[in-house]
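Have a look at the structure below before the remarks.
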Amino acid sequence: MLNRRKPIYLRCILLERVFPDGFLWGTAISSFQAEMGVGEPSDGTDWWAWVHDETNISVGRVSGDTPLDGPGFWEHYDEDLRLAGEDLKNNSIRLAVDWGRVFPEPTESVEVDVKRDRWGNVWKVELEEDDLDALDGLADGDAVDRYRMILESAHSHGLTPMLTLHHWPIPLWLHDPIACRDDMDSTDKRGWISQSTIVEFAKLAAYLSHRLGDLVDLYCTVNEPRIISEHGYLTRRGEFPPGLNDPSLFLTCLKHTCIAHGVAYEQVKRWDRHGASPLGPSTVGLVAVLQHYEPADPGNPDDVWMSQYIDYAFNEWNLNAVFHGDYDMNLDQLVEPSEHLPHQIKGCDYLGVNYYARWRVRHRNTGVDPLLDYEFAPCSGDCSDYGWDIHPEGLRDVLRWAYRRYRRPIYVTENGVADRGDRLRTRYLRSHLDELYNAISLDGVPVRGYYYWTLMDNFEWSDGYKIRFGLYNVDRETKKRTPTKAVPVYREIAERNGLP
Ligand code: BGC
């Protein structure tokens with residue numbers, strides 16, 4: 001028997017690599033990626049419009065695959081959660097709600113009190129009980145009931161749910177991605193570029209935490225502000241809605257998604273009054289993607305500068321905003337008085353870290369805005385099917401960095417590998433868990449849980465189904481789930497709460 005009561009240093013000496021008591025072991029999934037394939041589709045969001053748009057398909061922004069060929073979690077949830085709980089021996093699951101399913105119709109008619117600061121930024125949204133009743137009248141009751149059934153099923157399989165409020169799709173009534181792509185001025189449905197999306201998101205957060213709070217104690221507000229902003233407003237391929245290439249929109253989106261975290265945080269804290277577990281009633285955090293960046297050529301000062309700049313823009317910026325109220329809108333790495341917005345600091349009980357890979361940064365030196373003047377060197381070492389450079393040590397580095405700088409408990413909310421041939425996943429999992437263990441035991445980082453991305457193969461956004469992250473492979477026709485080689489490995493680790 002493993003003795004979990006020994007102090008951590010003694011366990012290290014004894015080489016019993018045991019994780020802290022109560023550690024959460026799970027997998028992460030998201031609504032748009034996993035739900036469709038069987039049963040009612042969710043066809044009222046920007047992402048739905050985006051992946052079906054003929055122009056996007058023909059120019060290669062998206063693959064042409066449809067989420068309608070997905071794994072069908074909407075119907076198969078109980079079977080999948082049984083796999084997570086009973087087969088994988090996990091004690092938690094991270095899942096997301098689809099905003100467009102909950103509110104297929106606009107919620108703008110529910111008038112709430114919105115406070116703005118002197119620069120026009122929303123900084124407080126106040127709802128009353130009546131507003132929640134009005135929202136109830138607009139919500140799709142069947143969809144909300146289905147989410148309740150999913151959460152109840154999670155509990156019945158021994159899984160503490162971690163609920164993500166926003167894992168990317170926005171209802172079409174708030175974001176018309178095709179109109180924005182073609183001419184932003186032609187529409188007022190501008191998604192995260194418009195602060196009205198922040199207000200409607202506050203309503204979603206209030207409503208969901210009120211309606212589902214008796215089943216949920218752990219919340220993620222926004223999944224990865226940086227990825228939403230970068231892939232929607234910065235990359236050359238333009239693969240995420242609305243596919244633009246404009247540094248100032250990138251920063252606007254980053255800013256607004258960070259403010260959205262704050263207003264959602266306040267709503268969940270106010271409206272979830274029920275504890276569903278000893279963690280209750282609500283522990284609320286932001287999920288940030290933190291990657292390891294380094295200069296492609298460490299002897300080239302331009303690469304060195306650019307790597308530091310990208311690290312700042314991509315890893316640090318969103319955390320400085322949420323934790324310090326620093327909104328450095330010109331990216332000069334100095335916070336002018338008008339960029340310091342302490343009233344936007346609302347709290348963040350933990351930091352969710354999504355870590356995948358190392359990126360070697362090159363300065364292209366074409367003289368344009370630095371945000372458009374970088375590129376990543378092609379992966380040359382240990383590469384995933386995505387061409388991402390596998391670098392387990394980076395996980396320990398980002399955890400140590402984030403904890404030393406922001407001093408919050410951490411959950412690793414995503415970590416996984418694209419591996420169609422099932423040749424990398426087991427090694428990836430083991431090596432990253434080694435580094436996670438080192439971060440906890442040697443660096444003292446208070447990591448409370450780990451979620452592998454992802455439970456089963458799903459719809460990998462603009463790249464569709466060719467990319468497979470799942471611990472279980474899914475047959476697109478029959479929907480049959482088949483375990484990969486990493487399943488018994490993860491099961492053993494979760495079951496013993498430690499590394500063999
Ligand atoms: C996202 C997931 C995505 C994964 C792999 C993360 O950035 O949260 O939705 O599937 O990366 O690309």
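Labels used: A, B, ... for chains in the order of the structure tokens, numbers from 1 for residues in each chain, and numbers from 1 for ligands as shown.
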Legend entry - 8 Å contact set for segment 358-371 of chain A, only C-alpha atoms, chain neighbours under 4 positions out, as an MDAnalysis selection string: chainID A and resid 234 247 291:297 302:303 306:307 310 375:377 388:391 394
Could you please take those selected residues and save N, CA and C atoms as a PDB file, in the first residue's frame?
ATOM      1  N   LEU A 234      -4.856  37.085 -36.353  1.00  0.00           N
ATOM      2  CA  LEU A 234      -3.439  37.328 -36.620  1.00  0.00           C
ATOM      3  C   LEU A 234      -2.795  36.396 -37.646  1.00  0.00           C
ATOM      4  N   PRO A 247      -3.008  43.112 -36.196  1.00  0.00           N
ATOM      5  CA  PRO A 247      -2.528  43.123 -34.805  1.00  0.00           C
ATOM      6  C   PRO A 247      -3.421  43.893 -33.845  1.00  0.00           C
ATOM      7  N   GLN A 291       2.934  28.042 -23.777  1.00  0.00           N
ATOM      8  CA  GLN A 291       3.856  27.186 -24.536  1.00  0.00           C
ATOM      9  C   GLN A 291       5.304  27.588 -24.249  1.00  0.00           C
ATOM     10  N   HIS A 292       6.219  26.705 -24.613  1.00  0.00           N
ATOM     11  CA  HIS A 292       7.629  27.023 -24.420  1.00  0.00           C
ATOM     12  C   HIS A 292       8.156  27.676 -25.705  1.00  0.00           C
ATOM     13  N   TYR A 293       8.617  28.927 -25.599  1.00  0.00           N
ATOM     14  CA  TYR A 293       9.180  29.622 -26.768  1.00  0.00           C
ATOM     15  C   TYR A 293      10.674  29.779 -26.575  1.00  0.00           C
ATOM     16  N   GLU A 294      11.415  29.588 -27.666  1.00  0.00           N
ATOM     17  CA  GLU A 294      12.853  29.854 -27.612  1.00  0.00           C
ATOM     18  C   GLU A 294      13.308  30.326 -28.980  1.00  0.00           C
ATOM     19  N   PRO A 295      14.441  31.064 -29.048  1.00  0.00           N
ATOM     20  CA  PRO A 295      14.891  31.554 -30.352  1.00  0.00           C
ATOM     21  C   PRO A 295      15.285  30.389 -31.262  1.00  0.00           C
ATOM     22  N   ALA A 296      14.899  30.474 -32.529  1.00  0.00           N
ATOM     23  CA  ALA A 296      15.298  29.414 -33.470  1.00  0.00           C
ATOM     24  C   ALA A 296      16.818  29.351 -33.534  1.00  0.00           C
ATOM     25  N   ASP A 297      17.453  30.518 -33.556  1.00  0.00           N
ATOM     26  CA  ASP A 297      18.918  30.567 -33.530  1.00  0.00           C
ATOM     27  C   ASP A 297      19.331  31.411 -32.319  1.00  0.00           C
ATOM     28  N   ASP A 302      18.144  38.947 -33.289  1.00  0.00           N
ATOM     29  CA  ASP A 302      16.770  39.221 -33.735  1.00  0.00           C
ATOM     30  C   ASP A 302      15.832  38.079 -33.324  1.00  0.00           C
ATOM     31  N   ASP A 303      16.309  36.864 -33.451  1.00  0.00           N
ATOM     32  CA  ASP A 303      15.494  35.720 -33.010  1.00  0.00           C
ATOM     33  C   ASP A 303      15.320  35.754 -31.496  1.00  0.00           C
ATOM     34  N   MET A 306      12.751  38.413 -30.761  1.00  0.00           N
ATOM     35  CA  MET A 306      11.399  38.029 -31.188  1.00  0.00           C
ATOM     36  C   MET A 306      10.830  36.925 -30.301  1.00  0.00           C
ATOM     37  N   SER A 307      11.674  36.018 -29.886  1.00  0.00           N
ATOM     38  CA  SER A 307      11.195  34.929 -29.033  1.00  0.00           C
ATOM     39  C   SER A 307      10.680  35.486 -27.698  1.00  0.00           C
ATOM     40  N   ILE A 310       7.322  37.303 -28.398  1.00  0.00           N
ATOM     41  CA  ILE A 310       6.193  36.376 -28.586  1.00  0.00           C
ATOM     42  C   ILE A 310       5.798  35.751 -27.249  1.00  0.00           C
ATOM     43  N   GLU A 375       7.965  33.896 -37.373  1.00  0.00           N
ATOM     44  CA  GLU A 375       7.504  32.588 -37.853  1.00  0.00           C
ATOM     45  C   GLU A 375       8.106  31.534 -36.941  1.00  0.00           C
ATOM     46  N   PHE A 376       7.532  30.361 -36.990  1.00  0.00           N
ATOM     47  CA  PHE A 376       8.071  29.276 -36.188  1.00  0.00           C
ATOM     48  C   PHE A 376       8.886  28.363 -37.093  1.00  0.00           C
ATOM     49  N   ALA A 377      10.080  27.990 -36.624  1.00  0.00           N
ATOM     50  CA  ALA A 377      10.905  27.066 -37.400  1.00  0.00           C
ATOM     51  C   ALA A 377      10.196  25.711 -37.436  1.00  0.00           C
ATOM     52  N   TRP A 388       4.144  19.654 -34.258  1.00  0.00           N
ATOM     53  CA  TRP A 388       4.495  20.348 -33.016  1.00  0.00           C
ATOM     54  C   TRP A 388       5.665  19.605 -32.386  1.00  0.00           C
ATOM     55  N   ASP A 389       6.536  20.411 -31.783  1.00  0.00           N
ATOM     56  CA  ASP A 389       7.799  19.900 -31.267  1.00  0.00           C
ATOM     57  C   ASP A 389       7.605  19.422 -29.813  1.00  0.00           C
ATOM     58  N   ILE A 390       7.689  18.145 -29.606  1.00  0.00           N
ATOM     59  CA  ILE A 390       7.401  17.585 -28.274  1.00  0.00           C
ATOM     60  C   ILE A 390       8.549  17.906 -27.324  1.00  0.00           C
ATOM     61  N   HIS A 391       8.216  18.500 -26.204  1.00  0.00           N
ATOM     62  CA  HIS A 391       9.261  19.014 -25.306  1.00  0.00           C
ATOM     63  C   HIS A 391       8.723  18.989 -23.869  1.00  0.00           C
ATOM     64  N   GLY A 394       9.312  21.596 -21.074  1.00  0.00           N
ATOM     65  CA  GLY A 394       8.622  22.883 -21.165  1.00  0.00           C
ATOM     66  C   GLY A 394       7.432  22.954 -20.221  1.00  0.00           C
TER      67      GLY A 394
END
Which segment 12-123 of chain A residues have any atom within 8 Å of an atom of segment 127-133 of chain A, and for each, what is the nearest pair of atoms with distance in Å to one decimal, counting only C-alpha atoms, rows sorted by chain and number, as JSON lines?
{"residue": "A:Val110", "atom": "CA", "partner": "A:Asp131", "partner_atom": "CA", "distance": 6.4}
{"residue": "A:Glu111", "atom": "CA", "partner": "A:Asp131", "partner_atom": "CA", "distance": 7.6}
{"residue": "A:Val112", "atom": "CA", "partner": "A:Leu127", "partner_atom": "CA", "distance": 5.7}
{"residue": "A:Asp113", "atom": "CA", "partner": "A:Leu127", "partner_atom": "CA", "distance": 6.8}
Just the alpha helix (DSSP H) stuff from segment 18-160 of chain A, please, per backbone DSSP, written as a JSON list (two decimals) with C-alpha atoms, in the first residue's frame.
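So states13.json came out as:
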[["chain", "number", "residue", "atom", "x", "y", "z"],
["A", 31, "SER", "CA", -18.75, 20.88, -26.76],
["A", 32, "PHE", "CA", -18.32, 21.82, -30.43],
["A", 33, "GLN", "CA", -15.57, 19.26, -30.93],
["A", 34, "ALA", "CA", -17.21, 16.29, -29.23],
["A", 46, "ASP", "CA", -20.03, 31.26, -35.70],
["A", 47, "TRP", "CA", -17.93, 28.10, -35.80],
["A", 48, "TRP", "CA", -20.72, 26.18, -37.51],
["A", 49, "ALA", "CA", -21.01, 28.89, -40.18],
["A", 50, "TRP", "CA", -17.23, 29.12, -40.44],
["A", 51, "VAL", "CA", -16.45, 25.47, -41.16],
["A", 52, "HIS", "CA", -19.29, 25.14, -43.68],
["A", 54, "GLU", "CA", -17.53, 27.44, -49.25],
["A", 55, "THR", "CA", -14.95, 30.22, -49.54],
["A", 56, "ASN", "CA", -13.20, 29.11, -46.37],
["A", 57, "ILE", "CA", -13.11, 25.54, -47.64],
["A", 58, "SER", "CA", -11.88, 26.45, -51.10],
["A", 73, "PHE", "CA", -21.08, 12.86, -27.14],
["A", 74, "TRP", "CA", -24.50, 14.57, -27.06],
["A", 75, "GLU", "CA", -26.05, 11.09, -27.24],
["A", 76, "HIS", "CA", -23.14, 8.90, -26.15],
["A", 77, "TYR", "CA", -22.21, 10.89, -23.06],
["A", 78, "ASP", "CA", -23.03, 8.20, -20.55],
["A", 79, "GLU", "CA", -20.92, 5.62, -22.35],
["A", 80, "ASP", "CA", -18.02, 8.09, -22.65],
["A", 81, "LEU", "CA", -18.19, 9.16, -19.04],
["A", 82, "ARG", "CA", -18.27, 5.51, -18.03],
["A", 99, "TRP", "CA", -23.44, 28.87, -25.81],
["A", 100, "GLY", "CA", -25.51, 28.50, -29.00],
["A", 101, "ARG", "CA", -27.35, 25.48, -27.65],
["A", 102, "VAL", "CA", -28.22, 27.19, -24.37],
["A", 129, "GLU", "CA", -33.24, 37.35, -9.82],
["A", 130, "ASP", "CA", -35.79, 38.70, -12.33],
["A", 131, "ASP", "CA", -33.13, 38.77, -15.01],
["A", 132, "LEU", "CA", -32.41, 35.11, -14.41],
["A", 133, "ASP", "CA", -36.11, 34.34, -14.78],
["A", 134, "ALA", "CA", -36.13, 36.27, -18.04],
["A", 135, "LEU", "CA", -33.08, 34.34, -19.23],
["A", 136, "ASP", "CA", -34.82, 31.13, -18.30],
["A", 137, "GLY", "CA", -37.61, 32.10, -20.66],
["A", 138, "LEU", "CA", -35.11, 32.50, -23.50],
["A", 141, "GLY", "CA", -34.86, 24.06, -21.79],
["A", 142, "ASP", "CA", -34.07, 20.76, -23.50],
["A", 143, "ALA", "CA", -30.44, 21.71, -24.01],
["A", 144, "VAL", "CA", -30.09, 22.84, -20.40],
["A", 145, "ASP", "CA", -31.71, 19.60, -19.22],
["A", 146, "ARG", "CA", -29.30, 17.65, -21.37],
["A", 147, "TYR", "CA", -26.35, 19.42, -19.77],
["A", 148, "ARG", "CA", -27.80, 18.56, -16.38],
["A", 149, "MET", "CA", -28.03, 14.91, -17.41],
["A", 150, "ILE", "CA", -24.44, 14.98, -18.63],
["A", 151, "LEU", "CA", -23.24, 16.45, -15.33],
["A", 152, "GLU", "CA", -25.31, 13.96, -13.32],
["A", 153, "SER", "CA", -23.83, 11.16, -15.37],
["A", 154, "ALA", "CA", -20.34, 12.48, -14.63],
["A", 155, "HIS", "CA", -21.05, 12.35, -10.90],
["A", 156, "SER", "CA", -22.53, 8.87, -11.18]]
Inset, instruction - Would you mind telling me which residue in A:Pro409, A:Gly213, A:Pro225, A:Pro177 lies nearest to Glu316 of chain A when using only C-alpha atoms? - result: A:Pro225
Inset, instruction - For Val487 of chain A, work out the shell of residues within 8 Å, counting only C-alpha atoms and skipping chain neighbours fewer than 4 positions away, then give it as an MDAnalysis selection string. - result: chainID A and resid 88 471:472 483 491
Inset, instruction - Point out the residue among A:His343, A:Lys89, A:Arg211, A:Lys485 with the least atom-to-atom distance to Thr426 of chain A, counting only C-alpha atoms. - result: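 Among the listed residues, the smallest separation from Thr426 of chain A belongs to A:Lys485.
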Legend entry - Point-to-point distance in Å for atom CA of Leu244 of chain A and atom CA of Phe323 of chain A: 28.1 Å
Inset, instruction - Kindly indicate which residue among A:Val284, A:Ala264, A:Ile228, A:Ala486 lies nearest to ligand 1, using only C-alpha atoms and all ligand atoms for the distances. - result: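 Of A:Val284, A:Ala264, A:Ile228, A:Ala486, the one nearest ligand 1, counting only C-alpha atoms and all ligand atoms, is A:Ile228.
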Contacts of segment 453-459 of chain A within 8 Å, only C-alpha atoms, excl. fewer than 2 positions in-chain, as a JSON list (two decimals) with N, CA and C atoms, in the first residue's frame:
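The new file part-v4.json reads:
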[["chain", "number", "residue", "atom", "x", "y", "z"],
["A", 27, "THR", "N", -9.66, 13.88, -18.22],
["A", 27, "THR", "CA", -9.44, 14.22, -19.62],
["A", 27, "THR", "C", -10.28, 15.47, -19.87],
["A", 28, "ALA", "N", -9.95, 16.20, -20.94],
["A", 28, "ALA", "CA", -10.73, 17.38, -21.28],
["A", 28, "ALA", "C", -11.39, 17.15, -22.64],
["A", 29, "ILE", "N", -12.61, 17.64, -22.76],
["A", 29, "ILE", "CA", -13.30, 17.63, -24.06],
["A", 29, "ILE", "C", -13.97, 18.99, -24.23],
["A", 32, "PHE", "N", -18.25, 21.81, -28.96],
["A", 32, "PHE", "CA", -18.32, 21.82, -30.43],
["A", 32, "PHE", "C", -17.53, 20.66, -31.03],
["A", 33, "GLN", "N", -16.44, 20.29, -30.37],
["A", 33, "GLN", "CA", -15.57, 19.26, -30.93],
["A", 33, "GLN", "C", -16.10, 17.84, -30.71],
["A", 34, "ALA", "N", -16.86, 17.67, -29.62],
["A", 34, "ALA", "CA", -17.21, 16.29, -29.23],
["A", 34, "ALA", "C", -18.70, 15.96, -29.34],
["A", 66, "THR", "N", -17.03, 18.23, -41.49],
["A", 66, "THR", "CA", -18.14, 18.83, -40.73],
["A", 66, "THR", "C", -18.24, 18.20, -39.34],
["A", 67, "PRO", "N", -18.59, 19.02, -38.35],
["A", 67, "PRO", "CA", -18.74, 18.44, -37.00],
["A", 67, "PRO", "C", -19.84, 17.38, -36.94],
["A", 70, "GLY", "N", -18.81, 13.96, -36.04],
["A", 70, "GLY", "CA", -18.11, 13.87, -34.76],
["A", 70, "GLY", "C", -18.48, 12.63, -33.96],
["A", 71, "PRO", "N", -17.90, 12.53, -32.76],
["A", 71, "PRO", "CA", -18.09, 11.33, -31.95],
["A", 71, "PRO", "C", -19.46, 11.19, -31.30],
["A", 84, "ALA", "N", -14.40, 7.12, -18.97],
["A", 84, "ALA", "CA", -13.51, 7.99, -18.20],
["A", 84, "ALA", "C", -13.45, 7.54, -16.74],
["A", 414, "GLU", "N", -5.12, 21.08, -20.10],
["A", 414, "GLU", "CA", -4.97, 20.32, -21.35],
["A", 414, "GLU", "C", -3.50, 19.99, -21.55],
["A", 415, "ASN", "N", -3.27, 18.78, -22.09],
["A", 415, "ASN", "CA", -1.93, 18.36, -22.47],
["A", 415, "ASN", "C", -2.13, 17.07, -23.28],
["A", 416, "GLY", "N", -1.62, 17.04, -24.49],
["A", 416, "GLY", "CA", -1.84, 15.85, -25.30],
["A", 416, "GLY", "C", -1.12, 15.96, -26.63],
["A", 417, "VAL", "N", -1.26, 14.93, -27.43],
["A", 417, "VAL", "CA", -0.48, 14.87, -28.66],
["A", 417, "VAL", "C", -1.33, 14.35, -29.83],
["A", 451, "TYR", "N", -5.49, 17.15, -16.80],
["A", 451, "TYR", "CA", -6.50, 16.71, -17.77],
["A", 451, "TYR", "C", -5.82, 16.44, -19.10],
["A", 461, "TRP", "N", -11.23, 21.46, -34.94],
["A", 461, "TRP", "CA", -11.45, 22.81, -35.46],
["A", 461, "TRP", "C", -11.22, 22.88, -36.97],
["A", 463, "ASP", "N", -8.96, 21.88, -38.75],
["A", 463, "ASP", "CA", -8.29, 20.73, -39.37],
["A", 463, "ASP", "C", -9.13, 19.46, -39.35],
["A", 464, "GLY", "N", -10.33, 19.53, -38.80],
["A", 464, "GLY", "CA", -11.25, 18.40, -38.91],
["A", 464, "GLY", "C", -10.75, 17.12, -38.26],
["A", 465, "TYR", "N", -10.86, 16.01, -39.00],
["A", 465, "TYR", "CA", -10.64, 14.70, -38.38],
["A", 465, "TYR", "C", -9.28, 14.08, -38.66],
["A", 468, "ARG", "N", -5.69, 13.47, -34.71],
["A", 468, "ARG", "CA", -6.32, 12.62, -33.67],
["A", 468, "ARG", "C", -5.58, 12.72, -32.35],
["A", 469, "PHE", "N", -6.25, 13.35, -31.40],
["A", 469, "PHE", "CA", -5.67, 13.51, -30.06],
["A", 469, "PHE", "C", -6.22, 12.48, -29.07],
["A", 470, "GLY", "N", -7.23, 11.70, -29.46],
["A", 470, "GLY", "CA", -8.00, 10.94, -28.48],
["A", 470, "GLY", "C", -7.26, 9.79, -27.81],
["A", 471, "LEU", "N", -7.55, 9.59, -26.51],
["A", 471, "LEU", "CA", -7.08, 8.39, -25.82],
["A", 471, "LEU", "C", -7.84, 7.18, -26.36],
["A", 472, "TYR", "N", -9.05, 7.44, -26.83],
["A", 472, "TYR", "CA", -9.82, 6.39, -27.52],
["A", 472, "TYR", "C", -10.00, 6.84, -28.95],
["A", 473, "ASN", "N", -9.69, 5.96, -29.88],
["A", 473, "ASN", "CA", -9.97, 6.26, -31.28],
["A", 473, "ASN", "C", -11.46, 6.10, -31.52],
["A", 474, "VAL", "N", -11.97, 6.90, -32.45],
["A", 474, "VAL", "CA", -13.40, 6.81, -32.76],
["A", 474, "VAL", "C", -13.56, 6.50, -34.24],
["A", 481, "ARG", "N", -15.71, 3.26, -29.96],
["A", 481, "ARG", "CA", -14.51, 3.76, -29.27],
["A", 481, "ARG", "C", -13.54, 2.60, -29.07]]
